[in-house]
>>> print(open('protein-v1.csv').read())   # CSV, C-alpha atoms
chain,number,residue,atom,x,y,z
A,1350,MET,CA,185.0,108.8,139.8
A,1351,PRO,CA,186.3,105.3,139.2
A,1352,HIS,CA,189.8,104.4,138.3
A,1353,ILE,CA,189.9,102.5,135.0
A,1354,TYR,CA,193.0,100.6,133.9
A,1355,ARG,CA,193.4,99.3,130.4
A,1356,CYS,CA,195.7,96.3,130.6
A,1357,GLU,CA,197.6,94.7,127.7
A,1358,LEU,CA,198.6,91.2,128.4
A,1359,THR,CA,201.3,89.3,126.4
A,1360,LEU,CA,201.9,85.5,127.0
A,1361,LEU,CA,205.6,84.7,127.6
A,1362,GLU,CA,205.0,81.0,127.9
A,1363,ASN,CA,202.4,78.6,126.4
A,1364,THR,CA,199.3,78.9,128.5
A,1365,PHE,CA,196.7,76.2,129.1
A,1366,PHE,CA,193.1,76.3,130.5
A,1367,SER,CA,190.8,73.3,130.0
A,1368,SER,CA,188.0,75.4,128.4
A,1369,ARG,CA,186.6,72.5,126.3
A,1370,GLU,CA,187.1,68.8,126.5
A,1371,ILE,CA,186.3,66.6,123.4
A,1372,SER,CA,187.2,62.9,124.1
A,1373,ASN,CA,190.9,63.1,125.0
A,1374,PHE,CA,191.5,66.5,123.4
A,1375,TYR,CA,191.7,69.3,125.9
A,1376,GLN,CA,191.3,72.7,124.4
A,1377,THR,CA,192.1,76.3,125.5
A,1378,GLU,CA,189.6,78.7,124.0
A,1379,PRO,CA,190.9,82.1,122.7
A,1380,PHE,CA,190.1,84.2,125.8
A,1381,ILE,CA,191.1,84.5,129.4
A,1382,GLY,CA,188.3,84.5,132.0
A,1383,ASN,CA,188.0,87.3,134.5
A,1384,TYR,CA,187.9,84.9,137.5
A,1385,ALA,CA,191.4,83.5,136.5
A,1386,LEU,CA,192.7,87.0,135.9
A,1387,THR,CA,191.4,88.3,139.3
A,1388,TYR,CA,193.3,85.6,141.2
A,1389,ALA,CA,196.4,86.0,139.0
A,1390,LEU,CA,196.4,89.7,139.8
A,1391,GLN,CA,196.5,88.8,143.5
A,1392,PHE,CA,193.2,90.5,144.3
A,1393,CYS,CA,192.2,87.1,145.7
A,1394,GLN,CA,194.4,84.5,147.4
A,1395,SER,CA,193.6,80.8,146.6
A,1396,PRO,CA,194.5,78.3,149.4
A,1397,TYR,CA,197.8,76.5,148.9
A,1398,PHE,CA,196.1,73.2,149.7
A,1399,ASN,CA,192.7,72.7,148.2
A,1400,ASP,CA,190.2,69.8,148.9
A,1401,GLY,CA,188.2,70.7,145.8
A,1402,SER,CA,186.1,73.4,147.4
A,1403,ILE,CA,185.1,76.4,145.2
A,1404,HIS,CA,185.7,79.8,146.9
A,1405,TYR,CA,184.4,82.2,144.2
A,1406,LYS,CA,181.4,83.5,146.2
A,1407,VAL,CA,183.4,84.4,149.2
A,1408,ASP,CA,186.6,85.7,147.5
A,1409,LEU,CA,184.9,87.6,144.7
A,1410,GLY,CA,182.1,88.8,147.0
A,1411,LYS,CA,184.7,90.6,149.0
A,1412,LEU,CA,185.9,92.5,145.9
A,1413,ASN,CA,182.3,93.6,145.2
A,1414,GLU,CA,182.4,95.2,148.6
A,1415,ARG,CA,185.7,96.9,147.9
A,1416,GLY,CA,184.5,98.2,144.5
A,1417,ILE,CA,187.0,96.3,142.4
A,1418,TYR,CA,186.1,94.5,139.1
A,1419,VAL,CA,188.1,92.8,136.4
A,1420,THR,CA,186.8,92.1,132.9
A,1421,PRO,CA,187.7,89.0,130.9
A,1422,ALA,CA,190.6,89.4,128.5
A,1423,ALA,CA,189.8,89.5,124.8
A,1424,ILE,CA,192.4,88.3,122.3
A,1425,VAL,CA,194.0,91.0,120.1
A,1426,GLY,CA,194.3,89.9,116.5
A,1427,GLU,CA,194.6,86.2,115.7
A,1428,PRO,CA,195.4,83.8,118.6
A,1429,ARG,CA,198.4,81.6,118.4
A,1430,PHE,CA,197.9,78.0,119.4
A,1431,VAL,CA,200.3,75.1,120.2
A,1432,VAL,CA,199.1,71.5,120.2
A,1433,GLY,CA,200.9,68.8,122.1
A,1434,TRP,CA,200.6,65.4,123.7
A,1435,PHE,CA,200.7,64.6,127.4
A,1436,ASN,CA,201.2,61.3,129.2
A,1437,ALA,CA,200.6,61.2,133.0
A,1438,GLN,CA,201.3,57.5,133.3
A,1439,PRO,CA,203.8,56.6,136.0
A,1440,ASP,CA,207.4,55.8,135.0
A,1441,THR,CA,207.8,52.8,137.2
A,1442,TYR,CA,208.9,49.2,136.7
A,1443,TRP,CA,205.3,48.0,137.3
A,1444,TYR,CA,201.9,49.7,137.0
A,1445,ALA,CA,198.4,48.8,135.9
A,1446,MET,CA,195.5,50.6,134.3
A,1447,GLY,CA,192.5,50.5,136.7
A,1448,ASN,CA,189.0,51.9,136.4
A,1449,ASN,CA,189.9,55.6,136.0
A,1450,ALA,CA,193.0,55.0,138.1
A,1451,LEU,CA,196.7,54.3,137.6
A,1452,VAL,CA,197.8,51.5,140.0
A,1453,THR,CA,201.4,51.6,141.4
A,1454,LYS,CA,202.8,49.9,144.4
A,1455,PRO,CA,205.4,50.9,146.9
A,1456,ASP,CA,208.4,48.7,147.7
A,1457,GLY,CA,207.6,45.7,149.8
A,1458,ALA,CA,203.9,45.7,148.8
A,1459,TRP,CA,201.9,44.1,146.1
A,1460,ALA,CA,198.8,44.9,144.1
A,1461,GLU,CA,195.7,42.6,143.9
A,1462,LYS,CA,192.8,43.0,141.6
A,1463,ARG,CA,189.4,41.9,143.0
A,1464,SER,CA,186.6,42.2,140.6
A,1465,ALA,CA,187.0,45.7,139.0
A,1466,ALA,CA,188.9,47.2,142.0
A,1467,TRP,CA,192.6,47.1,142.9
A,1468,PHE,CA,194.0,46.9,146.4
A,1469,ILE,CA,197.5,47.6,147.7
A,1470,VAL,CA,198.5,45.0,150.3
A,1471,GLU,CA,201.5,45.4,152.5
A,1472,ARG,CA,201.1,42.4,154.9
A,1473,GLU,CA,199.9,38.9,154.3
A,1474,GLY,CA,196.3,38.5,155.5
A,1475,GLU,CA,195.4,42.2,155.4
A,1476,ARG,CA,192.5,43.4,153.2
A,1477,GLY,CA,194.7,46.2,151.9
A,1478,ARG,CA,194.1,49.7,150.7
A,1479,LYS,CA,191.7,50.3,147.8
A,1480,VAL,CA,193.1,52.3,144.9
A,1481,ARG,CA,190.7,55.3,144.6
A,1482,VAL,CA,189.3,56.6,141.3
A,1483,GLU,CA,191.2,59.7,140.1
A,1484,ASN,CA,189.3,62.4,138.2
A,1485,ARG,CA,192.2,63.3,135.9
A,1486,PRO,CA,193.2,62.1,132.4
A,1487,GLN,CA,196.1,59.8,131.8
A,1488,VAL,CA,196.9,60.5,128.2
A,1489,GLY,CA,195.7,62.9,125.6
A,1490,ARG,CA,196.3,66.1,123.5
A,1491,ILE,CA,196.2,69.7,124.7
A,1492,ARG,CA,195.8,72.9,122.8
A,1493,MET,CA,197.4,75.9,124.5
A,1494,LEU,CA,197.6,79.6,123.8
A,1495,GLY,CA,201.0,80.1,122.3
A,1496,ILE,CA,203.8,82.5,123.2
A,1497,GLY,CA,203.3,86.0,122.0
A,1498,THR,CA,199.5,85.9,122.1
A,1499,GLN,CA,198.1,89.3,123.2
A,1500,ALA,CA,194.9,90.2,125.0
A,1501,THR,CA,193.2,93.2,126.5
A,1502,PHE,CA,191.2,93.6,129.7
A,1503,TYR,CA,190.1,96.3,132.1
A,1504,VAL,CA,190.3,96.8,135.8
A,1505,ILE,CA,187.7,99.1,137.3
A,1506,SER,CA,188.2,100.3,140.9
A,1507,THR,CA,186.6,102.8,143.3
A,1508,ASN,CA,190.1,103.5,144.7
A,1509,GLU,CA,193.5,103.5,143.0
A,1510,VAL,CA,195.2,100.1,142.9
A,1511,ALA,CA,198.7,98.9,142.0
A,1512,LEU,CA,198.8,96.2,139.3
A,1513,PRO,CA,201.8,93.9,138.7
A,1514,SER,CA,203.9,93.9,135.6
A,1515,TYR,CA,204.1,90.1,135.5
A,1516,ILE,CA,201.6,87.4,136.5
A,1517,ARG,CA,201.2,83.6,136.3
A,1518,LEU,CA,198.2,82.0,134.5
A,1519,GLY,CA,196.6,78.7,133.8
A,1520,LYS,CA,197.1,75.1,134.8
A,1521,PHE,CA,200.9,75.3,134.4
A,1522,MET,CA,201.3,78.8,136.0
A,1523,SER,CA,202.7,80.2,132.8
A,1524,LYS,CA,204.3,83.7,132.8
A,1525,ALA,CA,202.6,86.7,131.2
A,1526,ARG,CA,203.6,90.4,131.0
A,1527,ILE,CA,201.1,93.3,131.7
A,1528,THR,CA,201.4,96.9,130.6
A,1529,THR,CA,198.8,99.3,132.1
A,1530,GLU,CA,197.3,102.5,130.9
A,1531,HIS,CA,195.4,104.5,133.6
A,1532,HIS,CA,192.2,106.3,132.4
A,1533,PHE,CA,190.4,109.1,134.3
A,1534,ILE,CA,186.7,109.4,133.5
A,1535,ARG,CA,184.5,111.6,135.6
A,1536,ASP,CA,181.0,110.3,135.1
A,1537,ALA,CA,179.2,107.4,133.4
A,1538,GLU,CA,176.8,108.4,130.6
A,1539,ALA,CA,174.1,106.7,128.5
A,1540,SER,CA,175.6,105.6,125.3
A,1541,SER,CA,176.1,102.7,122.8
A,1542,GLY,CA,179.3,101.0,121.7
A,1543,PHE,CA,181.2,97.7,121.8
A,1544,CYS,CA,183.3,95.7,124.2
A,1545,GLY,CA,185.5,92.8,123.2
A,1546,LEU,CA,184.5,90.4,126.0
A,1547,LEU,CA,182.0,90.6,128.9
A,1548,THR,CA,180.8,88.2,131.5
A,1549,ILE,CA,177.0,88.1,131.2
A,1550,ALA,CA,176.4,87.3,134.9
A,1551,ASP,CA,178.3,90.4,135.9
A,1552,LEU,CA,176.3,92.9,133.9
A,1553,PRO,CA,173.8,95.3,135.6
A,1554,PRO,CA,170.1,95.1,134.5
A,1555,ASP,CA,170.2,98.2,132.3
A,1556,VAL,CA,172.7,96.7,129.8
A,1557,ARG,CA,171.1,95.9,126.5
A,1558,LEU,CA,173.0,93.4,124.4
A,1559,ILE,CA,172.3,94.4,120.8
A,1560,ALA,CA,174.5,91.7,119.3
A,1561,CYS,CA,177.2,89.3,120.4
A,1562,ASP,CA,178.8,85.9,120.1
A,1563,LEU,CA,177.7,83.8,123.0
A,1564,LEU,CA,180.4,81.6,124.6
A,1565,ASN,CA,179.0,78.8,126.8
A,1566,VAL,CA,181.9,78.0,129.1
A,1567,PRO,CA,181.9,77.4,132.8
A,1568,PRO,CA,181.6,79.0,135.3
A,1569,ALA,CA,179.7,81.8,133.5
A,1570,GLN,CA,178.6,82.6,129.9
A,1571,LEU,CA,180.6,85.2,128.0
A,1572,ALA,CA,179.6,87.7,125.3
A,1573,ARG,CA,182.3,88.3,122.7
A,1574,ASN,CA,182.3,91.1,120.2
A,1575,ALA,CA,179.4,92.6,122.1
A,1576,ARG,CA,177.5,95.6,120.8
A,1577,ILE,CA,175.8,97.2,123.8
A,1578,ALA,CA,173.7,100.1,124.9
A,1579,CYS,CA,173.8,101.2,128.6
A,1580,ARG,CA,175.0,103.7,131.1
A,1581,GLY,CA,178.8,103.3,131.0
A,1582,TYR,CA,182.2,104.7,130.5
A,1583,LYS,CA,183.2,105.7,126.9
A,1584,LEU,CA,186.8,105.0,126.1
A,1585,THR,CA,189.0,105.6,123.1
A,1586,GLY,CA,188.2,103.6,120.0
A,1587,GLY,CA,184.5,103.4,120.7
A,1588,VAL,CA,184.9,101.0,123.6
A,1589,LEU,CA,182.0,101.2,126.1
A,1590,LEU,CA,182.4,99.7,129.6
A,1591,PRO,CA,179.1,99.3,131.5
A,1592,ALA,CA,178.9,101.1,134.8
A,1593,ASP,CA,178.3,99.2,138.0
A,1594,MET,CA,179.6,95.8,136.8
A,1595,HIS,CA,180.3,93.4,139.7
A,1596,PHE,CA,181.1,89.7,140.0
A,1597,GLY,CA,177.7,88.0,139.8
A,1598,VAL,CA,178.7,85.1,142.1
A,1599,ASP,CA,175.2,85.1,143.6
A,1600,LYS,CA,174.0,83.8,140.2
A,1601,LEU,CA,176.4,80.9,140.0
A,1602,PRO,CA,175.0,77.4,140.8
>>> encode(input="protein-v1.csv", output="structure tokens")
Amino acid sequence: MPHIYRCELTLLENTFFSSREISNFYQTEPFIGNYALTYALQFCQSPYFNDGSIHYKVDLGKLNERGIYVTPAAIVGEPRFVVGWFNAQPDTYWYAMGNNALVTKPDGAWAEKRSAAWFIVEREGERGRKVRVENRPQVGRIRMLGIGTQATFYVISTNEVALPSYIRLGKFMSKARITTEHHFIRDAEASSGFCGLLTIADLPPDVRLIACDLLNVPPAQLARNARIACRGYKLTGGVLLPADMHFGVDKLP
């Protein structure tokens, strides 16, 4: 008998995920992915220092072995959005705009432009240190989920788990509150119903998607407002959670 937790999430700070990028406009889509939630709930620990490596297959694969799964969070009602500007240019006396790089120089050194590249030189006669390209925007607009936005997600576990009352989410580690309702369901049964948000790669083969809105967002496609037929757990309000969902990290590129 699995333990099913219905979790209601309320954003206490503006929350930003770069779900979609159009020119210099960086948008947060109205949902919260289950990978982000899983790390925020402390089921997985991301390294403090990261060289850019992705650890989904290892981290989430361990949760598959433990029988723990977290669904994406579907927004309840109308999402609240906040749009603002950001400027990541340095606040120094001298800087230059390089090729996808911001050029600054430490005291006692100077910058030289050679062709399209910049070099920081500290001693006369030295070649200097080349300023590397940075894969991050310097200026632009961001659309964030606003304070008070509410969402619902589910945690399914073979064993009972303790869930936090507050978590941090998004690029800015914004605070959110969680209230939890514990459901006891004896057995899965063949049925039909709906689920607000599902990760398609995580669904077992017997799930039939009757209708849904398809969201093409990395790292995995989502089905929103999904009408499904499968063997699953019937909850109040006609919600049907498919049985045997697991993180489909083996399907990721």
>>> atom_distance(input="protein-v1.csv", atom1="CA of Gly1426 (chain A)", atom2="CA of Ala1385 (chain A)")
21.2 Å
>>> closest_residue(input="protein-v1.csv", among="A:Asp1536, A:Ala1592, A:Ile1491, A:Ala1572", to="Phe1374 (chain A)", atoms="all atoms listed in the file")
A:Ile1491
>>> residues_around(input="protein-v1.csv", residues="region 1509-1514 of chain A", least_positions_apart="6", cutoff="7 Å", atoms="only C-alpha atoms", output="PDB file with C-alpha atoms, keeping the file's coordinate frame")
ATOM      1  CA  HIS A1352     189.800 104.400 138.300  1.00  0.00           C
ATOM      2  CA  LEU A1390     196.400  89.700 139.800  1.00  0.00           C
ATOM      3  CA  ARG A1526     203.600  90.400 131.000  1.00  0.00           C
ATOM      4  CA  ILE A1527     201.100  93.300 131.700  1.00  0.00           C
ATOM      5  CA  THR A1528     201.400  96.900 130.600  1.00  0.00           C
TER       6      THR A1528
END
>>> atom_distance(input="protein-v1.csv", atom1="CA of Ser1523 (chain A)", atom2="CA of Leu1361 (chain A)")
7.5 Å
>>> atom_distance(input="protein-v1.csv", atom1="CA of Pro1455 (chain A)", atom2="CA of Trp1467 (chain A)")
13.9 Å
>>> closest_atom_pairs(input="protein-v1.csv", of="region 1392-1499 of chain A", to="region 1547-1560 of chain A", cutoff="10 Å", atoms="only C-alpha atoms", output="Markdown table")
| residue | atom | partner | partner_atom | distance |
| --- | --- | --- | --- | --- |
| A:Tyr1418 | CA | A:Asp1551 | CA | 9.4 |
| A:Val1419 | CA | A:Leu1547 | CA | 9.9 |
| A:Thr1420 | CA | A:Leu1547 | CA | 6.4 |
| A:Pro1421 | CA | A:Leu1547 | CA | 6.2 |
| A:Ala1422 | CA | A:Leu1547 | CA | 8.7 |
| A:Ala1423 | CA | A:Leu1547 | CA | 8.9 |
>>> closest_residue(input="protein-v1.csv", among="A:Val1431, A:Leu1589, A:Leu1571, A:Ile1534", to="Thr1498 (chain A)", atoms="only C-alpha atoms")
A:Val1431
>>> closest_residue(input="protein-v1.csv", among="A:Gly1519, A:Gly1457, A:Pro1568, A:Pro1591", to="Leu1386 (chain A)", atoms="all atoms listed in the file")
A:Gly1519
>>> closest_residue(input="protein-v1.csv", among="A:Arg1476, A:Arg1573, A:Arg1463, A:Cys1544", to="Val1588 (chain A)", atoms="only C-alpha atoms")
A:Cys1544
>>> closest_residue(input="protein-v1.csv", among="A:Thr1364, A:Ser1541, A:Asn1383, A:Thr1453", to="Pro1428 (chain A)", atoms="only C-alpha atoms")
A:Thr1364
>>> residues_near_point(input="protein-v1.csv", point="(199.3, 82.8, 119.2)", cutoff="10 Å", atoms="only C-alpha atoms", output="list in words")
Thr1359, Leu1360, Asn1363, Pro1379, Ile1424, Val1425, Gly1426, Glu1427, Pro1428, Arg1429, Phe1430, Val1431, Met1493, Leu1494, Gly1495, Ile1496, Gly1497, Thr1498 and Gln1499 of chain A
>>> closest_residue(input="protein-v1.csv", among="A:Ala1569, A:Leu1358, A:Ile1371, A:Leu1518", to="Gly1489 (chain A)", atoms="all atoms listed in the file")
A:Ile1371
>>> build_atoms(input="protein-v1.csv", residues="region 1454-1474 of chain A", atoms="N, CA and C atoms", output="PDB file, in the frame of the given file")
ATOM      1  N   LYS A1454     202.609  50.443 143.081  1.00  0.00           N
ATOM      2  CA  LYS A1454     202.800  49.900 144.400  1.00  0.00           C
ATOM      3  C   LYS A1454     204.103  50.281 145.001  1.00  0.00           C
ATOM      4  N   PRO A1455     204.137  50.584 146.296  1.00  0.00           N
ATOM      5  CA  PRO A1455     205.400  50.900 146.900  1.00  0.00           C
ATOM      6  C   PRO A1455     206.265  49.677 147.136  1.00  0.00           C
ATOM      7  N   ASP A1456     207.542  49.875 147.417  1.00  0.00           N
ATOM      8  CA  ASP A1456     208.400  48.700 147.700  1.00  0.00           C
ATOM      9  C   ASP A1456     207.958  47.926 148.850  1.00  0.00           C
ATOM     10  N   GLY A1457     208.026  46.622 148.707  1.00  0.00           N
ATOM     11  CA  GLY A1457     207.600  45.700 149.800  1.00  0.00           C
ATOM     12  C   GLY A1457     206.148  45.429 149.823  1.00  0.00           C
ATOM     13  N   ALA A1458     205.360  45.966 148.886  1.00  0.00           N
ATOM     14  CA  ALA A1458     203.900  45.700 148.800  1.00  0.00           C
ATOM     15  C   ALA A1458     203.592  45.082 147.476  1.00  0.00           C
ATOM     16  N   TRP A1459     202.378  44.634 147.338  1.00  0.00           N
ATOM     17  CA  TRP A1459     201.900  44.100 146.100  1.00  0.00           C
ATOM     18  C   TRP A1459     200.484  44.523 145.799  1.00  0.00           C
ATOM     19  N   ALA A1460     200.088  44.432 144.536  1.00  0.00           N
ATOM     20  CA  ALA A1460     198.800  44.900 144.100  1.00  0.00           C
ATOM     21  C   ALA A1460     197.914  43.642 143.778  1.00  0.00           C
ATOM     22  N   GLU A1461     196.667  43.660 144.216  1.00  0.00           N
ATOM     23  CA  GLU A1461     195.700  42.600 143.900  1.00  0.00           C
ATOM     24  C   GLU A1461     194.478  43.167 143.282  1.00  0.00           C
ATOM     25  N   LYS A1462     194.011  42.525 142.209  1.00  0.00           N
ATOM     26  CA  LYS A1462     192.800  43.000 141.600  1.00  0.00           C
ATOM     27  C   LYS A1462     191.646  42.059 142.025  1.00  0.00           C
ATOM     28  N   ARG A1463     190.598  42.680 142.582  1.00  0.00           N
ATOM     29  CA  ARG A1463     189.400  41.900 143.000  1.00  0.00           C
ATOM     30  C   ARG A1463     188.205  42.532 142.339  1.00  0.00           C
ATOM     31  N   SER A1464     187.636  41.749 141.459  1.00  0.00           N
ATOM     32  CA  SER A1464     186.600  42.200 140.600  1.00  0.00           C
ATOM     33  C   SER A1464     187.114  43.383 139.752  1.00  0.00           C
ATOM     34  N   ALA A1465     186.481  44.572 139.811  1.00  0.00           N
ATOM     35  CA  ALA A1465     187.000  45.700 139.000  1.00  0.00           C
ATOM     36  C   ALA A1465     187.895  46.611 139.803  1.00  0.00           C
ATOM     37  N   ALA A1466     188.093  46.317 141.101  1.00  0.00           N
ATOM     38  CA  ALA A1466     188.900  47.200 142.000  1.00  0.00           C
ATOM     39  C   ALA A1466     190.268  46.610 142.227  1.00  0.00           C
ATOM     40  N   TRP A1467     191.224  47.519 142.481  1.00  0.00           N
ATOM     41  CA  TRP A1467     192.600  47.100 142.900  1.00  0.00           C
ATOM     42  C   TRP A1467     192.825  47.498 144.311  1.00  0.00           C
ATOM     43  N   PHE A1468     193.643  46.673 144.983  1.00  0.00           N
ATOM     44  CA  PHE A1468     194.000  46.900 146.400  1.00  0.00           C
ATOM     45  C   PHE A1468     195.530  46.787 146.512  1.00  0.00           C
ATOM     46  N   ILE A1469     196.104  47.653 147.335  1.00  0.00           N
ATOM     47  CA  ILE A1469     197.500  47.600 147.700  1.00  0.00           C
ATOM     48  C   ILE A1469     197.658  46.919 149.026  1.00  0.00           C
ATOM     49  N   VAL A1470     198.363  45.803 149.045  1.00  0.00           N
ATOM     50  CA  VAL A1470     198.500  45.000 150.300  1.00  0.00           C
ATOM     51  C   VAL A1470     199.948  45.040 150.721  1.00  0.00           C
ATOM     52  N   GLU A1471     200.154  45.359 152.002  1.00  0.00           N
ATOM     53  CA  GLU A1471     201.500  45.400 152.500  1.00  0.00           C
ATOM     54  C   GLU A1471     201.867  44.262 153.430  1.00  0.00           C
ATOM     55  N   ARG A1472     200.854  43.597 153.996  1.00  0.00           N
ATOM     56  CA  ARG A1472     201.100  42.400 154.900  1.00  0.00           C
ATOM     57  C   ARG A1472     200.167  41.306 154.505  1.00  0.00           C
ATOM     58  N   GLU A1473     200.667  40.093 154.594  1.00  0.00           N
ATOM     59  CA  GLU A1473     199.900  38.900 154.300  1.00  0.00           C
ATOM     60  C   GLU A1473     198.674  38.845 155.256  1.00  0.00           C
ATOM     61  N   GLY A1474     197.491  38.584 154.697  1.00  0.00           N
ATOM     62  CA  GLY A1474     196.300  38.500 155.500  1.00  0.00           C
ATOM     63  C   GLY A1474     195.505  39.749 155.665  1.00  0.00           C
TER      64      GLY A1474
END
